[in-house]
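Text of query30.cif (mmCIF, C-alpha atoms) as supplied:
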```cif
data_upload
#
loop_
_atom_site.label_atom_id
_atom_site.label_comp_id
_atom_site.auth_asym_id
_atom_site.auth_seq_id
_atom_site.Cartn_x
_atom_site.Cartn_y
_atom_site.Cartn_z
CA MET A 1 0.00 0.00 0.00
CA PHE A 2 1.38 3.39 -1.00
CA ARG A 3 -1.26 5.75 0.22
CA ALA A 4 -4.37 5.63 2.34
CA LEU A 5 -7.06 8.30 2.23
CA ARG A 6 -9.79 8.52 4.84
CA THR A 7 -13.04 9.90 3.47
CA GLU A 8 -16.63 10.00 4.64
CA TYR A 9 -17.11 6.69 2.79
CA GLY A 10 -14.25 4.93 4.59
CA LEU A 11 -10.59 4.16 3.96
CA ILE A 12 -9.40 4.20 0.34
CA THR A 13 -6.04 2.56 -0.35
CA LEU A 14 -3.80 2.94 -3.36
CA ASP A 15 -1.74 -0.17 -4.00
CA ARG A 16 0.26 -1.90 -6.73
CA ASP A 17 -2.76 -3.56 -8.37
CA VAL A 18 -4.41 -0.18 -8.99
CA ILE A 19 -1.24 1.12 -10.68
CA GLY A 20 -0.95 -2.19 -12.54
CA HIS A 21 -4.45 -1.84 -13.97
CA ILE A 22 -3.65 1.65 -15.29
CA VAL A 23 -0.36 0.45 -16.81
CA ARG A 24 -2.06 -2.56 -18.45
CA SER A 25 -4.73 -0.37 -20.04
CA GLU A 26 -2.13 2.08 -21.40
CA VAL A 27 0.04 -0.75 -22.78
CA ALA A 28 -3.05 -2.25 -24.44
CA ALA A 29 -3.64 1.13 -26.14
CA THR A 30 -0.32 0.79 -28.03
CA ASP A 31 -1.97 -1.78 -30.35
CA GLY A 32 0.62 -4.46 -29.71
CA LYS A 33 3.73 -2.30 -30.24
CA VAL A 34 4.63 -2.69 -26.56
CA LEU A 35 3.94 -5.87 -24.57
CA LEU A 36 4.33 -6.48 -20.84
CA SER A 37 7.11 -8.82 -19.75
CA THR A 38 8.73 -10.28 -16.66
CA PRO A 39 12.05 -8.90 -15.38
CA LYS A 40 13.73 -11.82 -17.19
CA GLY A 41 12.24 -10.82 -20.57
CA LYS A 42 9.49 -13.44 -20.93
CA LEU A 43 6.06 -12.30 -22.03
CA TRP A 44 3.84 -11.63 -19.01
CA LYS A 45 0.76 -13.76 -18.51
CA GLN A 46 -1.86 -12.92 -15.93
CA SER A 47 -1.90 -15.36 -13.06
CA ALA A 48 -4.95 -16.18 -11.00
CA ILE A 49 -2.73 -17.13 -8.05
CA ARG A 50 -0.75 -13.92 -7.74
CA GLY A 51 -2.03 -10.35 -7.90
CA ASP A 52 -2.93 -8.76 -11.22
CA SER A 53 0.27 -6.77 -11.56
CA ALA A 54 2.68 -9.39 -10.23
CA GLY A 55 5.56 -9.84 -12.60
CA PHE A 56 5.62 -6.78 -14.84
CA LEU A 57 5.62 -3.92 -12.35
CA GLU A 58 7.70 -2.63 -9.46
CA CYS A 59 6.43 0.24 -7.34
CA ALA A 60 8.10 2.08 -4.52
CA GLY A 61 6.63 4.95 -2.64
CA ASP A 62 5.12 6.46 0.45
CA ASP A 63 2.67 9.29 1.17
CA VAL A 64 4.80 11.76 -0.80
CA THR A 65 6.66 9.87 -3.54
CA LEU A 66 5.75 7.26 -6.14
CA ASP A 67 8.31 5.56 -8.39
CA ILE A 68 7.16 3.04 -11.00
CA ARG A 69 9.19 0.58 -13.07
CA VAL A 70 7.50 -1.37 -15.89
CA PHE A 71 9.08 -4.31 -17.74
CA VAL A 72 8.25 -4.59 -21.46
CA VAL A 73 9.26 -6.10 -24.78
CA ILE A 74 8.85 -4.08 -27.97
CA LYS A 75 7.90 -5.09 -31.49
CA LEU A 76 10.27 -3.89 -34.19
CA GLY A 77 8.97 -1.69 -36.97
CA GLY A 78 8.29 1.70 -35.43
CA SER A 79 9.92 4.45 -33.48
CA ILE A 80 10.91 2.84 -30.20
CA ASN A 81 11.64 6.15 -28.52
CA GLU A 82 8.33 7.66 -29.62
CA ALA A 83 6.33 4.62 -28.47
CA LEU A 84 8.01 4.60 -25.04
CA GLU A 85 7.74 8.36 -24.51
CA ASP A 86 4.03 8.21 -25.41
CA LEU A 87 3.55 5.31 -23.00
CA ILE A 88 5.29 7.17 -20.17
CA SER A 89 3.27 10.35 -20.81
CA ASN A 90 0.00 8.43 -20.91
CA ILE A 91 0.76 6.59 -17.65
CA TYR A 92 1.69 9.89 -15.93
CA ARG A 93 -1.49 11.54 -17.17
CA ARG A 94 -3.82 8.65 -16.23
CA ILE A 95 -2.39 8.25 -12.72
CA GLU A 96 -2.78 11.95 -12.05
CA GLU A 97 -6.29 12.08 -13.58
CA LEU A 98 -7.69 9.00 -11.87
CA LEU A 99 -5.84 8.98 -8.56
CA GLY A 100 -4.74 12.57 -8.04
CA VAL A 101 -1.20 11.38 -7.28
CA LYS A 102 1.97 12.97 -8.63
CA THR A 103 4.42 10.37 -9.89
CA ASP A 104 8.10 11.12 -9.28
CA SER A 105 9.45 8.79 -11.96
CA ILE A 106 8.33 6.16 -14.41
CA THR A 107 10.96 3.84 -15.83
CA ILE A 108 10.25 1.58 -18.79
CA ALA A 109 12.73 -1.31 -18.72
CA VAL A 110 12.93 -2.86 -22.19
CA LYS A 111 13.84 -6.51 -21.73
CA GLY A 112 13.58 -7.65 -25.34
CA MET A 113 12.54 -6.96 -28.92
CA ILE A 114 10.23 -9.07 -31.02
CA SER A 115 10.71 -9.70 -34.71
CA LYS A 116 10.06 -13.39 -35.33
CA ASN A 117 11.53 -14.36 -31.97
CA ILE A 118 12.27 -12.41 -28.82
CA SER A 119 15.81 -11.02 -28.84
CA LYS A 120 17.16 -10.22 -25.39
CA ARG A 121 17.81 -6.54 -24.74
CA ASP A 122 18.23 -4.59 -21.54
CA PHE A 123 17.83 -0.82 -21.62
CA GLU A 124 15.63 1.71 -19.85
CA VAL A 125 13.79 4.90 -20.69
CA LYS A 126 13.04 7.07 -17.69
CA ARG A 127 11.33 10.36 -17.06
#
```
Any chance you could give the structure as structure tokens?
Amino acid sequence: MFRALRTEYGLITLDRDVIGHIVRSEVAATDGKVLLSTPKGKLWKQSAIRGDSAGFLECAGDDVTLDIRVFVVIKLGGSINEALEDLISNIYRRIEELLGVKTDSITIAVKGMISKNISKRDFEVKR
């Protein structure tokens, strides 16, 4: 849990699964150019056993700060930098719109590239 807000309706908590849902929806909006992965570079598959965002997302934060790290693989054939910058901007915007939380940093860790097979890569884009 990163933040807890007490309202007239009760206690509202912001945790990793909420951030994970926002990240998943923004990655889905890239039309398959960016896919979620594990930290080892394998394509992420939703597990019923673990939480929704287990595997593709790391979050650190407290009542003041929020740092997010997302693991992805990218399909070749477009501007990688443009796709990642758009993804970062959209995640920033959605978190602020929906949750009212300022994000200190979002890091996209590219773990591979897909052409016919997944080629291992390891670089990050951060803002």
Quiz item: Which is closer to Thr30 (chain A) than all the others in A:Asp67, A:Glu58, A:Asp15, A:Asp86, using all atoms listed in the file?
Solution: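 Ranked by minimum distance to Thr30 (chain A), first place goes to A:Asp86.
Of note, CA of Glu97 (chain A) and CA of Gly55 (chain A) are spaced 24.9 Å apart.
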Quiz item: Selected by the PyMOL selection byres ((chain A and resi 126) around 8) in the shown coordinates: which residues, as a list of chain:residue names?
Solution: A:Ser105, A:Ile106, A:Thr107, A:Ile108, A:Glu124, A:Val125, A:Arg127
List the residues selected by the PyMOL selection byres ((chain A and resi 42) around 10) in the file shown, writing them as a PDB file with C-alpha atoms, in the frame of the given file.
```
ATOM      1  CA  LEU A  36       4.330  -6.480 -20.840  1.00  0.00           C
ATOM      2  CA  SER A  37       7.110  -8.820 -19.750  1.00  0.00           C
ATOM      3  CA  THR A  38       8.730 -10.280 -16.660  1.00  0.00           C
ATOM      4  CA  PRO A  39      12.050  -8.900 -15.380  1.00  0.00           C
ATOM      5  CA  LYS A  40      13.730 -11.820 -17.190  1.00  0.00           C
ATOM      6  CA  GLY A  41      12.240 -10.820 -20.570  1.00  0.00           C
ATOM      7  CA  LEU A  43       6.060 -12.300 -22.030  1.00  0.00           C
ATOM      8  CA  TRP A  44       3.840 -11.630 -19.010  1.00  0.00           C
ATOM      9  CA  LYS A  45       0.760 -13.760 -18.510  1.00  0.00           C
ATOM     10  CA  GLY A  55       5.560  -9.840 -12.600  1.00  0.00           C
ATOM     11  CA  PHE A  56       5.620  -6.780 -14.840  1.00  0.00           C
ATOM     12  CA  PHE A  71       9.080  -4.310 -17.740  1.00  0.00           C
ATOM     13  CA  VAL A  72       8.250  -4.590 -21.460  1.00  0.00           C
ATOM     14  CA  VAL A  73       9.260  -6.100 -24.780  1.00  0.00           C
ATOM     15  CA  LYS A 111      13.840  -6.510 -21.730  1.00  0.00           C
ATOM     16  CA  GLY A 112      13.580  -7.650 -25.340  1.00  0.00           C
ATOM     17  CA  ILE A 118      12.270 -12.410 -28.820  1.00  0.00           C
ATOM     18  CA  LYS A 120      17.160 -10.220 -25.390  1.00  0.00           C
TER      19      LYS A 120
END
```
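Take the candidates A:Ile12, A:Leu57, A:Ile68, A:Ile22 and check each one against Asp104 (chain A) using all atoms listed in the file; the shortest distance goes to A:Ile68.
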Quiz prompt | Proximity to Met113 (chain A) - best of A:Ile19, A:Ile74, A:Ala29, A:Leu66, only C-alpha atoms | solution = A:Ile74
Practice problem: Extract, using only C-alpha atoms, all DNA, RNA and protein residues at most 9 Å from Leu76 (chain A), discarding same-chain residues fewer than 2 positions from it, and format them as a PyMOL selection string. | Solution: chain A and resi 33+74+78-80+113-115
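Atom pair CA of Gly100 (chain A) / CA of Gly20 (chain A) has a distance of 15.9 Å (rounded to one decimal).
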